[in-house]
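Scroll down for the structure; my scribbles are underneath it.
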Amino acid sequence: MRKFPKCLNRTAVPDLPVPCKQARVTASFSASQQAELLPGLFGEAGPLGQAAWSAPTVRSGWIQGLRSLAQHPSALPFLADCGTLDTIFSLQGDSSLFVASAAGQLLVHILGLSLQGPAEGPPSPQACDWPVCAQKIVGHIEGSLRSMATPQVTQALNVLTTTFGHCHGPWMQVLWERLSPLVACLLQEDPLPAAHSLVDLLLSVARSPVLSSSDCGLWETLAQTLRRLSPAQAGPLALGILKLQDCPQALRAQAFGVLLQPLACVLTAADQAPGPPGLPEGTTGDSVTVDTLLSSKSACAGLLCQTLAHLELLQPLPQRPSPWPQAPLLGAAVTILRFCNGSAAPASDVGGRLCAILAGCVRVQRAALDFLGALAQETGPQELVTQVSAVLLEYLRSPDSSPTVLKKAFQATLRWLLSSPRAPGCCDLDPDTQLFLRELLPVLRKRLCSPCWEVRDSGLEFLTQVTRHWGGQAGFRHALLASEVPELAEQLLRDPESYVRASAVTAVGQLSSQGLHATAASPEQLGGQKESLLAELLHVLSTDSEGFPRRAAMQVFTEWLRDRHADVAEDTERFVARVLQAASRDLDWEVRAQGLELALVFLAQTLGQPSARCPYAVAAPQATPPGPLAQALRALSRVRLFEFAFRALFDCDRPVAQKSCDLLLFLRAQATPSGGLQEAEGSPDVVPVEAALQRWRAGEQGEPLGDLEPEAVLAVLRSLDLEGLRGALAESSDHVEKSPQSLLQDMLATVGVRGENQADCY
Amino acid sequence: MKLYCLSGHPTLPCNVLKFKSTTIMLDCGLDMTSTLNFLPLPLVQSPRLSNLPGWSLKDGNAFLDKELKECSGHVFVDSVPEFCLPETELIDLSTVDVILISNYHCMMALPYITEHTGFTGTVYATEPTVQIGRLLMEELVNFIERVPKAQSASLWKNKDIQRNSGCSMEDGWECRDGGRKTRLLPSPLKDAVEVSTWRRCYTMQEVNSALSKIQLVGYSQKIELFGAVQVTPLSSGYALGSSNWIIQSHYEKVSYVSGSSLLTTHPQPMDQASLKNSDVLVLTGLTQIPTANPDGMVGEFCSNLALTVRNGGNVLVPCYPSGVIYDLLECLYQYIDSAGLSNIPFYFISPVANSSLEFSQIFAEWLCHNKQTKVYLPEPPFPHAELIQTNKLRHYPSIHGDFSNDFRQPCVVFTGHPSLRFGDVVHFMELWGKSSLNTVIFTEPDFSYLEALAPYQPLAMKCIYCPIDTRLNFIQVSKLLKEVQPLHVVCPEQYTQPPPAQSHRMDLMIDCQPPAMSYRRAEVLALPFKRLFEKIEIMPELADSLVPMEIKPGISLATVSAVLHTKDNKHVLQPPPRPAPPTSGKKRKRASEDIPDCKVLKPLLSGSIPVEQFVQTLEKHGFSDVKVEDTAKGHIVLLQEAETLIQIEEDSTHIICDNDEMLRVRLRDLVLKFLQKF
């Protein structure tokens with residue numbers, strides 16, 4: 001045992017150091033303490049001076065060790081007495097962010113443990129009644145808050161934020177009552193130190209169930225902070241307040257006003273009107289916000305992006321402010337987009353300057369398009385909806401739209417399209433949407449010819465989505481088929497860029513599912529278009545050099561099989577056999593996993609749906625009648641599904657093996673009648689199967705098995721411990737490393753003398 | 001220092017700078033937008049064009065119907081196209097010492113200047129500029145000369161005829177306003193500027209003569225002009241061999257920025273660092289389409305090209321034979337396979353097509369780094385070599401000859417002239433204009449595409465406007481100005497306000513402090529900076545005789561008596577002549593002898609008086625009641641008892657006392673103790 005402190009010097013840095021692991025799995029606190037191990041490791045004369053301490057992993061391990069150690073009831077007085085806390089305090093400012101953050105969390109942990117433990121009722125506000133550990137930590141926090149130095153204040157605020165986020169004891173209220181005056185003092189400082197951390201703390205306190213019921217002056221502090229912070233700092237606080245479940249209406253109104261400020265400025269700047277209509281009263285662009293917006297390009301873009309993102313987050317929440325100012329928000333999003341592309345012609349001076357600042361600002365364009373898309377959840381006044389369509393078309397058309405902006409524009413367009421109202425009494429698209437589509441499709445056609453692959457890719461993604469939702473609408477089908485877009489999509493199957501090929505595969509697969517695939521057969525494809533698409537996708541699956549198109553092809557095939565696509569239904573078995581054959585050879589594990597997905601769909605179609613979708617369902621699995629079962633199993637054998645699944649069971653990639661395990665379990669459940677295992681008549685020859693399994697388990701490729709007898713397969717299935725295998729596969733990849741055995745091995749390796757010390761350690 | 005502005009076109013500048021006794025012309029661009037007022041010159045007889053009705057006045061007067069023809073509501077001059085020359089009356093162009101050319105687009109007026117104004121100086125330009133400029137001129141001359149026009153219209157320009165044909169009193173100002181036409185003429189002819197300066201194209205002979213006056217220069221080469229100034233071309237990143245120029249004396253620096261680009265295209269990148277510390281920066285040749293981003297436009301170009309060809313249509317790209325076409329071909333090289341256009345022929349038709357494609361491959365040292373390195377592989381720097389090799393790109397001098405045998409549709413044709421008024425493009429417009437399957441894609445920003453298309457109306461073919469202008473935009477200019485920080489910026493007036501069509505776009509103008517000085521055609525600007533210093537050399541023997549005294553660490557002074565000798569803008573201090581008996585009464589000698597005499601009497605003082613120490617010294621010498629007051633310029637030391645003031649300022653010290661000469665001398669000596677004499 002005494003060798004451990006020495007070990008510290010010799011420990012290899014990248015691995016977690018042995019002593020810390022030791023502490024994590026401490027078996028006997030008092031034994032360790034008596035043996036002076038603990039003072040040596042965690043006390044004042046501990047590891048600080050040692051060379052290994054300079055490695056961040058060692059410090060990190062030390063903190064983790066302490067975290068485990070602190071669970072012991074006797075540990076807290078020990079930590080307080082032997083100077084460990086001071087070391088933790090200093091680690092809060094560690095050069096490694098991970099260490100610093102872990103140190104902060106450790107303090108929270110210790111504070112929580114020390115205050116929770118012995119006291120029965122709420123601890124007295126008097127510090128002298130608190131456990132020593134808690135006193136020390138709280139004293140340190142108070143000192144830091146008083147120091148007014150940003151790093152210290154930040155550390156203290158972060159510790160408090162985590163405390164209020166994680167601990168729920170009644171002592172929290174006492175703690176807040178004690179510290180809130182200090183926090184209030186911070187608000188008097190100029191400049192405000194650690195504003196972001198302060199916002200986090202206040203929100204954490206406000207969310208804490210212990211405190212929100214009793215006010216403790218919190219709402220007043222929040223209101224005061226909202227007034228005190230700059231527009232950019234106030235945004236997150238305002239959003240946090242609006243997300244709170246129960247908070248005074250006046251504060252919510254104030255917060256919403258703060259959040260809307262920048263957009264109010266934009267609307268005012270664009271209209272020159274005294275106040276934008278439709279926004280809650282009192283929301284006018286104040287001079288501070290205007291100054292921020294006009295101060296610099298980065299400040300303007302930052303504030304607008306933040307505001308738009310916050311409102312986007314708020315929009316779908318049930319507790320969002322009501323009435324929701326949909327119309328002015330739509331107006332603001334459209335105005336910002338017009339400022340950014342230079343198509344707005346503001347008459348006011350502020351508008352002109354905003355226009356100059358925002359012209360061509362990609363960041364704001366992206367944020368505004370995202371926001372505009374989110375607003376599609378609800379509609380708005382018709383003239384605004386028309387403006388939205390117009391601005392979206394402008395962005396989609398403009399050669400100056402950057403690829404990322406274009407992607408967002410496509411996404412927003414999709415959301416608006418899908419939310420557009422259906423013509424009353426008719427299931428088809430309304431005339432406005434039809435008109436929009438007629439303008440949109442030529443744009444899409446041009447974008448699919450873009451020399452920039454990102455643009456082609458987002459165009460294809462849009463096509464896939466819109467077809468998925470509207471494939472059945474006659475108006476859409478008519479417009480699409482007349483637009484040459486399906487032909488272009490098919491052409492992109494041969495694109496030089498693999499992402500585009502993948503998107504083209506998905507798009508063409510979707511078009512084909514909806515019967516919208518290009519019908520004109522090109523001269524070289526005399527076999528007819530329908531056959532050729534399946535062949536073409538199979539060609540992609542078996543020959544494409546990149547994984548993405550192959551994965552996409554597998555997904556399309558799975559979908560086709562699930563939907564019983566006409567091409568597939570013609571000869572399903574042949575189709576499944578070809579796909580599985582191609583997938584089994586694939587080097588990309590996702591393709592193989594997708595192959596298992598397809599196999600599962602086929603299995604379900606052949607044997608019946610998985611009966612127990614819900615693991616808690618009471619119903620016993622439905623047994624398939626023996627006659628059809630035998631036929632079904634033979635079909636599975638013909639498509640070589642068994643071989644594919646068995647091979648995947650020993651796949652070097654865990655997700656594949658897991659999926660295969662699930663599939664085989666399902667197969668076993670379906671194929672084995674309820675009430676116990678049924679031995680097949682006669683004894684099937686399982687030897688070749690088991691031999692093959694052995695070889696695959698050992699990592700050999702091996703020969704294909706050929707046609708398998710279903711009975712043999714069932715027998716092998718019964719003999720395999722699939723449940724055990726599933727359990728083993730479900731373990732996380734570092735479970736071995738985290739186990740006590742691993743620690744023991746580390747120790748032995750470090751000490752270097754195996755055998756002699758074994759007894760010594762445990 | 002003065003700037004004479006001879007051109008009103010911001011991207012085709014022609015300015016004359018008078019600086020330290022030199023007269024330097026900066027570029028001589030030729031404004032060819034005037035040709036848009038003329039009917040196209042068809043290569044093949046066009047019944048449509050020759051049967052256009054003549055134009056007559058509202059009152060039926062048809063005296064101009066031979067010269068002016070009407071087409072779809074527009075009126076065109078039926079004559080050989082003419083170009084708008086730079087102003088020739090503002091300054092006597094025979095006094096121009098040198099012409100600095102910044103790129104091949106900005107030298108097209110050179111023959112007019114060098115051959116017809118008595119110019120006897122030298123023209124400086126880089127080799128690619130000269131070679132490609134020659135190609136452009138050759139193409140222009142060829143386009144115009146190969147379609148001889150029987151008639152030459154001049155009546156419509158005649159001022160007298162205009163004046164006599166009913167110009168009202170209110171409109172009178174228009175009649176007398178330079179070359180402006182009266183309202184009798186239809187738009188746009190009546191708005192055409194400087195009609196009187198419009199000239200027909202030069203001849204090949206004039207081109208050759210003009211080009212023979214050019215002296216080739218390389219980037220960063222320093223060229224002395226009469227010992228007065230030094231001019232240096234710097235890479236400007238816009239085109240092969242394009243340059244900005246630095247014109248500097250020992251203490252002044254003028255930068256001339258014309259047609260620069262920060263984009264990574266084929267030319268060598270722009271040299272910005274050398275523009276730093278300029279007193280004046282003349283800024284011309286910014287992008288003509290500030291709202292169009294070249295990358296987006298190239299994308300637009302490719303997409304539209306692919307869509308047209310896919311539908312069986314032809315694509316016509318009116319272009320210059322050099323410049324952006326190299327980049328377009330490179331883009332298409334990467335694009336055609338992915339877009340499935342491998343079997344579509346690309347034709348490049350120009351009298352200089354072959355030379356242009358080949359020249360581009362041999363100017364390795366003028367190319368961007370990426371292309372330079374290819375030469376060492378060895379590979380041709382531009383991929384159009386491969387396009388030619390694989391027969392995807394074919395080039396022909398004109399539509400006559402081989403081209404007619406090889407011609408296959410659908411196809412893509414690159415040909416000139418972008419104005420659509422002459423060159424092979426006229427033929428393709430007539431040929432393809434009637435089908436909506438075909439597309440004409442405008443990539444050159446120099447001409448308004450609507451005006452260019454006017455004589456072809458009604459037109460069924462699709463028109464796409466993708467102007468690709470890689471020159472600096474206003475964001476880049478503002479960054480550039482922040483970096484190089486010139487004291488003054490001078491630019492065409494168009495750059496100091498937003499474009500007329502987008503008056504709210506305050507970002508589309510130059511924004512700098514102090515505000516840029518603007519110029520317009522035929523204006524003379526006095527540049528706002530005074531020359532303060534001149535460098536003077538000291539002859540070694542004179543320098544030998546100097547006895548410097550260190551007055552501060554690192555600073556020494558010495559008095560010099562010498563003769564200032566000035567010749568060829570160089571100033572030299574020579575030792576004064578021996579004091580010989582004055583035989584001839586030359587003023588200068590006498591003056592030079594006088595100076596030392598004076599200086600012997602009055603030694604020069606230097607240094608400053610530290611007030612505290614001075615007060616201590618005064619106290620040491622028995623002045624007990626010393627008071628010190630601070631003033632705006634220094635201090636006043638007050639000796640109350642003696643009723644005496646000592647004013648100590650930065651450059652003077654006064655002792656004010658009441659008739660007590662003894663006291664004054666005592667105090668003076670105390671003051672002098674703190675100063676150095678020499």
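Labeling convention for the structure tokens: chains A, B, ... as they appear, residues from 1 per chain, ligands from 1 in order of appearance.
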Taking only C-alpha atoms into account and nothing else, which residues of chain A lie no more than 8 Å away from chain B? Please answer as a list in words. Gly342, Ala345, Pro346, Ala347, Gly352, Arg353, Cys355, Ala356, Ile357, Ala359, Pro399, Asp400, Ser401, Ser402, Lys446, Arg447, Leu448, Cys449, Ser450, Pro451, Cys452, Gln491, Arg494, Asp495 and Pro496 of chain A
May I have the residues within 7 Å of Pro111 in chain B as a list of chain:residue names, using only C-alpha atoms and disregarding those fewer than 5 positions away in the same chain?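 These residues fall inside the cut-off: B:Tyr202, B:Glu206, B:Val207, B:Ala210.
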Only N, CA and C atoms, please: the residues just picked out, written as a PDB file, in the first residue's frame.
```pdb
ATOM      1  N   TYR B 202      -9.870  53.838 -85.137  1.00  0.00           N
ATOM      2  CA  TYR B 202      -8.537  54.020 -85.717  1.00  0.00           C
ATOM      3  C   TYR B 202      -8.190  52.878 -86.670  1.00  0.00           C
ATOM      4  N   GLU B 206      -2.307  53.020 -87.221  1.00  0.00           N
ATOM      5  CA  GLU B 206      -2.251  53.894 -86.043  1.00  0.00           C
ATOM      6  C   GLU B 206      -2.021  53.070 -84.781  1.00  0.00           C
ATOM      7  N   VAL B 207      -2.643  51.894 -84.740  1.00  0.00           N
ATOM      8  CA  VAL B 207      -2.448  51.028 -83.580  1.00  0.00           C
ATOM      9  C   VAL B 207      -0.970  50.674 -83.442  1.00  0.00           C
ATOM     10  N   ALA B 210       1.074  53.578 -82.336  1.00  0.00           N
ATOM     11  CA  ALA B 210       0.855  53.901 -80.915  1.00  0.00           C
ATOM     12  C   ALA B 210       1.575  52.898 -80.026  1.00  0.00           C
TER      13      ALA B 210
END
```
Using only C-alpha atoms, which residues sit within 12 Å of range 627-635 of chain A once same-chain residues fewer than 4 positions away are excluded, as a ChimeraX atom specification? /A:572-574,576-577,602-608,622-623,639-642,667-668,670-673,680,707-714
Those residues you just picked out, can you put them in a file as a CSV table (one decimal), in the first residue's frame with C-alpha atoms?
```
chain,number,residue,atom,x,y,z
A,572,THR,CA,-39.9,-9.3,-53.8
A,573,GLU,CA,-37.7,-12.3,-53.0
A,574,ARG,CA,-35.3,-11.6,-55.9
A,576,VAL,CA,-34.4,-8.8,-51.2
A,577,ALA,CA,-31.8,-11.4,-52.1
A,602,PHE,CA,-39.0,-8.5,-45.0
A,603,LEU,CA,-39.2,-10.8,-42.0
A,604,ALA,CA,-42.2,-9.0,-40.6
A,605,GLN,CA,-43.9,-9.1,-44.0
A,606,THR,CA,-43.2,-12.9,-44.2
A,607,LEU,CA,-43.8,-13.9,-40.7
A,608,GLY,CA,-46.2,-11.2,-39.4
A,622,GLN,CA,-48.8,-15.0,-32.0
A,623,ALA,CA,-47.6,-18.3,-33.3
A,639,VAL,CA,-33.1,-14.8,-50.0
A,640,ARG,CA,-30.1,-15.8,-47.8
A,641,LEU,CA,-31.4,-13.8,-44.9
A,642,PHE,CA,-30.2,-16.3,-42.3
A,667,LEU,CA,-37.2,-14.5,-35.7
A,668,ARG,CA,-36.8,-17.0,-32.9
A,670,GLN,CA,-41.9,-15.7,-34.3
A,671,ALA,CA,-40.8,-19.1,-35.5
A,672,THR,CA,-41.0,-20.9,-32.2
A,673,PRO,CA,-44.5,-21.6,-31.2
A,680,ALA,CA,-38.0,-30.3,-35.0
A,707,ASP,CA,-29.0,-22.8,-48.9
A,708,LEU,CA,-29.8,-23.5,-45.3
A,709,GLU,CA,-32.4,-25.8,-44.0
A,710,PRO,CA,-34.8,-23.8,-41.9
A,711,GLU,CA,-34.9,-26.5,-39.3
A,712,ALA,CA,-31.1,-26.4,-38.9
A,713,VAL,CA,-31.3,-22.6,-38.6
A,714,LEU,CA,-34.0,-22.9,-35.9
```
So that I can see what lies close to range 92-109 of chain A, please list as a list in words the residues with an atom at most 6 Å from it, counting only C-alpha atoms and leaving out residues fewer than 3 positions away in the same chain. Ser60, Ile88, Phe89, Gly112, Val159 and Thr163 of chain A
From the DSSP assignment of the backbone, select every residue of range 83-237 of chain B that is strand (DSSP E), and format the answer as a PDB file with N, CA and C atoms, in the first residue's frame.
```pdb
ATOM      1  N   PHE B  83     -16.749  56.211 -81.355  1.00  0.00           N
ATOM      2  CA  PHE B  83     -16.421  56.097 -79.930  1.00  0.00           C
ATOM      3  C   PHE B  83     -16.253  57.474 -79.305  1.00  0.00           C
ATOM      4  N   CYS B  84     -16.529  57.520 -78.010  1.00  0.00           N
ATOM      5  CA  CYS B  84     -16.428  58.789 -77.285  1.00  0.00           C
ATOM      6  C   CYS B  84     -15.015  58.931 -76.723  1.00  0.00           C
ATOM      7  N   VAL B  98       4.485  61.403 -69.915  1.00  0.00           N
ATOM      8  CA  VAL B  98       4.367  59.944 -69.977  1.00  0.00           C
ATOM      9  C   VAL B  98       2.902  59.549 -69.812  1.00  0.00           C
ATOM     10  N   ILE B  99       2.605  58.362 -70.318  1.00  0.00           N
ATOM     11  CA  ILE B  99       1.274  57.789 -70.095  1.00  0.00           C
ATOM     12  C   ILE B  99       1.486  56.471 -69.359  1.00  0.00           C
ATOM     13  N   LEU B 100       0.804  56.318 -68.233  1.00  0.00           N
ATOM     14  CA  LEU B 100       0.890  55.054 -67.487  1.00  0.00           C
ATOM     15  C   LEU B 100      -0.392  54.270 -67.746  1.00  0.00           C
ATOM     16  N   THR B 122       6.546  59.023 -73.616  1.00  0.00           N
ATOM     17  CA  THR B 122       6.668  57.567 -73.573  1.00  0.00           C
ATOM     18  C   THR B 122       5.429  56.995 -72.880  1.00  0.00           C
ATOM     19  N   VAL B 123       5.067  55.796 -73.304  1.00  0.00           N
ATOM     20  CA  VAL B 123       3.958  55.103 -72.650  1.00  0.00           C
ATOM     21  C   VAL B 123       4.559  53.934 -71.873  1.00  0.00           C
ATOM     22  N   TYR B 124       4.126  53.751 -70.644  1.00  0.00           N
ATOM     23  CA  TYR B 124       4.625  52.621 -69.852  1.00  0.00           C
ATOM     24  C   TYR B 124       3.502  51.628 -69.599  1.00  0.00           C
ATOM     25  N   ALA B 125       3.788  50.367 -69.836  1.00  0.00           N
ATOM     26  CA  ALA B 125       2.790  49.314 -69.577  1.00  0.00           C
ATOM     27  C   ALA B 125       3.511  47.987 -69.433  1.00  0.00           C
ATOM     28  N   THR B 126       2.853  47.016 -68.817  1.00  0.00           N
ATOM     29  CA  THR B 126       3.467  45.691 -68.684  1.00  0.00           C
ATOM     30  C   THR B 126       3.289  44.919 -69.993  1.00  0.00           C
ATOM     31  N   TRP B 198     -17.009  62.388 -80.608  1.00  0.00           N
ATOM     32  CA  TRP B 198     -17.093  61.014 -81.092  1.00  0.00           C
ATOM     33  C   TRP B 198     -16.275  60.857 -82.372  1.00  0.00           C
ATOM     34  N   ARG B 199     -15.545  59.787 -82.438  1.00  0.00           N
ATOM     35  CA  ARG B 199     -14.675  59.562 -83.598  1.00  0.00           C
ATOM     36  C   ARG B 199     -14.840  58.136 -84.097  1.00  0.00           C
ATOM     37  N   ARG B 200     -14.523  57.970 -85.372  1.00  0.00           N
ATOM     38  CA  ARG B 200     -14.533  56.612 -85.928  1.00  0.00           C
ATOM     39  C   ARG B 200     -13.316  55.851 -85.430  1.00  0.00           C
ATOM     40  N   ILE B 214       5.334  52.378 -76.661  1.00  0.00           N
ATOM     41  CA  ILE B 214       5.225  51.813 -75.308  1.00  0.00           C
ATOM     42  C   ILE B 214       6.557  51.236 -74.857  1.00  0.00           C
ATOM     43  N   GLN B 215       6.901  51.516 -73.644  1.00  0.00           N
ATOM     44  CA  GLN B 215       8.071  50.877 -73.055  1.00  0.00           C
ATOM     45  C   GLN B 215       7.575  49.863 -72.021  1.00  0.00           C
ATOM     46  N   LEU B 216       8.098  48.632 -72.100  1.00  0.00           N
ATOM     47  CA  LEU B 216       7.596  47.583 -71.218  1.00  0.00           C
ATOM     48  C   LEU B 216       8.195  47.725 -69.826  1.00  0.00           C
ATOM     49  N   VAL B 217       7.393  47.439 -68.834  1.00  0.00           N
ATOM     50  CA  VAL B 217       7.878  47.489 -67.447  1.00  0.00           C
ATOM     51  C   VAL B 217       7.416  46.239 -66.720  1.00  0.00           C
ATOM     52  N   ILE B 223      10.840  53.465 -62.156  1.00  0.00           N
ATOM     53  CA  ILE B 223      11.186  54.219 -63.358  1.00  0.00           C
ATOM     54  C   ILE B 223      11.317  55.694 -62.979  1.00  0.00           C
ATOM     55  N   GLU B 224      12.498  56.244 -63.231  1.00  0.00           N
ATOM     56  CA  GLU B 224      12.751  57.651 -62.903  1.00  0.00           C
ATOM     57  C   GLU B 224      12.200  58.532 -64.012  1.00  0.00           C
ATOM     58  N   LEU B 225      11.467  59.553 -63.652  1.00  0.00           N
ATOM     59  CA  LEU B 225      11.021  60.520 -64.651  1.00  0.00           C
ATOM     60  C   LEU B 225      11.735  61.839 -64.370  1.00  0.00           C
ATOM     61  N   VAL B 229      10.332  62.518 -60.270  1.00  0.00           N
ATOM     62  CA  VAL B 229       9.475  61.523 -59.630  1.00  0.00           C
ATOM     63  C   VAL B 229       9.857  60.124 -60.107  1.00  0.00           C
ATOM     64  N   GLN B 230       9.378  59.203 -59.350  1.00  0.00           N
ATOM     65  CA  GLN B 230       9.637  57.816 -59.668  1.00  0.00           C
ATOM     66  C   GLN B 230       8.269  57.141 -59.804  1.00  0.00           C
ATOM     67  N   VAL B 231       8.081  56.373 -60.866  1.00  0.00           N
ATOM     68  CA  VAL B 231       6.797  55.674 -60.989  1.00  0.00           C
ATOM     69  C   VAL B 231       7.053  54.167 -60.926  1.00  0.00           C
ATOM     70  N   THR B 232       6.120  53.454 -60.317  1.00  0.00           N
ATOM     71  CA  THR B 232       6.282  52.011 -60.116  1.00  0.00           C
ATOM     72  C   THR B 232       4.947  51.306 -60.356  1.00  0.00           C
ATOM     73  N   PRO B 233       4.919  50.316 -61.228  1.00  0.00           N
ATOM     74  CA  PRO B 233       3.678  49.542 -61.361  1.00  0.00           C
ATOM     75  C   PRO B 233       3.613  48.443 -60.299  1.00  0.00           C
ATOM     76  N   LEU B 234       2.403  48.209 -59.783  1.00  0.00           N
ATOM     77  CA  LEU B 234       2.198  47.147 -58.787  1.00  0.00           C
ATOM     78  C   LEU B 234       1.096  46.231 -59.296  1.00  0.00           C
ATOM     79  N   SER B 235       1.175  44.989 -58.932  1.00  0.00           N
ATOM     80  CA  SER B 235       0.130  44.064 -59.368  1.00  0.00           C
ATOM     81  C   SER B 235      -1.213  44.500 -58.788  1.00  0.00           C
TER      82      SER B 235
END
```
Using only C-alpha atoms, the shortest atom-to-atom distance to Ser518 in chain B among B:Val440, B:Cys411, B:Met1, B:Val282 belongs to B:Val282
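Neighbours of Val508 in chain A closer than or equal to 8 Å, with only C-alpha atoms counted and sequence neighbours fewer than 5 positions away skipped, come out as Thr464, Pro486, Ala489, Glu490 and His517 of chain A.
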Please report the interatomic distance between CA of Ile349 in chain B and CA of Val324 in chain B in Å with one decimal. 15.3 Å
So, counting only C-alpha atoms, which residue among B:Tyr495, B:Phe382, B:Tyr449, B:Tyr456 is closest to Cys71 in chain B?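 Going through B:Tyr495, B:Phe382, B:Tyr449, B:Tyr456 one by one, the smallest distance to Cys71 in chain B is for B:Tyr456.
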Excluding Ile655 in chain B and residues on its chain fewer than 2 positions from it, collect all residues at most 10 Å away from it, counting only C-alpha atoms, and give them as an NGL selection string. :B and (636-637 or 644-648 or 653 or 657-658 or 663-665 or 667-668 or 671)
Write out the residues from the selection above, keeping N, CA, C and O atoms, as a compact mmCIF listing (two decimals), in the first residue's frame.
```txt
# COMPACT_ATOMS: atom_id res chain seq x y z
N ILE B 636 5.91 81.85 -16.87
CA ILE B 636 6.42 83.19 -16.57
C ILE B 636 7.08 83.11 -15.21
O ILE B 636 6.47 82.65 -14.24
N VAL B 637 8.33 83.50 -15.18
CA VAL B 637 9.04 83.54 -13.90
C VAL B 637 9.05 85.00 -13.43
O VAL B 637 9.46 85.90 -14.18
N THR B 644 10.55 92.20 -12.29
CA THR B 644 11.06 91.69 -13.56
C THR B 644 10.33 90.39 -13.94
O THR B 644 10.02 89.58 -13.07
N LEU B 645 10.07 90.29 -15.23
CA LEU B 645 9.41 89.09 -15.75
C LEU B 645 10.36 88.33 -16.66
O LEU B 645 11.09 88.94 -17.44
N ILE B 646 10.34 87.01 -16.55
CA ILE B 646 11.05 86.21 -17.56
C ILE B 646 10.02 85.28 -18.20
O ILE B 646 9.45 84.41 -17.53
N GLN B 647 9.75 85.55 -19.46
CA GLN B 647 8.77 84.72 -20.18
C GLN B 647 9.52 83.59 -20.87
O GLN B 647 10.34 83.84 -21.73
N ILE B 648 9.21 82.39 -20.49
CA ILE B 648 9.88 81.26 -21.14
C ILE B 648 8.87 80.53 -22.00
O ILE B 648 7.88 79.98 -21.48
N THR B 653 12.55 83.34 -25.38
CA THR B 653 12.62 83.72 -23.96
C THR B 653 12.77 85.24 -23.91
O THR B 653 13.60 85.81 -24.62
N CYS B 657 12.51 93.79 -18.01
CA CYS B 657 12.82 94.49 -16.77
C CYS B 657 12.91 95.99 -17.04
O CYS B 657 13.06 96.41 -18.19
N ASP B 658 12.83 96.72 -16.00
CA ASP B 658 12.69 98.15 -16.15
C ASP B 658 14.04 98.85 -16.20
O ASP B 658 14.61 99.17 -15.16
N LEU B 663 20.92 93.98 -14.62
CA LEU B 663 20.08 92.86 -14.21
C LEU B 663 19.74 91.98 -15.42
O LEU B 663 19.80 90.77 -15.39
N ARG B 664 19.41 92.67 -16.51
CA ARG B 664 19.02 91.92 -17.70
C ARG B 664 20.16 91.02 -18.17
O ARG B 664 19.97 89.85 -18.46
N VAL B 665 21.36 91.58 -18.19
CA VAL B 665 22.51 90.80 -18.66
C VAL B 665 22.78 89.62 -17.72
O VAL B 665 23.06 88.51 -18.15
N LEU B 667 20.60 88.13 -15.84
CA LEU B 667 19.57 87.11 -16.07
C LEU B 667 19.81 86.40 -17.40
O LEU B 667 19.64 85.19 -17.52
N ARG B 668 20.20 87.18 -18.43
CA ARG B 668 20.45 86.56 -19.74
C ARG B 668 21.52 85.48 -19.63
O ARG B 668 21.38 84.38 -20.15
N VAL B 671 20.15 82.43 -18.15
CA VAL B 671 19.33 81.69 -19.13
C VAL B 671 20.24 80.95 -20.09
O VAL B 671 20.04 79.77 -20.39
```
Can you tell me which residues surround range 399-405 of chain B at a distance of at most 9 Å, considering only C-alpha atoms, apart from same-chain residues fewer than 2 positions away, and format the answer as a list of chain:residue names? B:Leu43, B:Tyr347, B:Ile349, B:Ser350, B:Arg394, B:His395, B:Tyr396, B:Pro397, B:Phe407, B:Arg408, B:Asp424, B:His427
If you run DSSP on this backbone, which residues of range 220-387 of chain B come out as alpha helix (DSSP H), and could you give them as a ChimeraX atom specification? /B:294-310,324-338,353-362,369-375,384-387
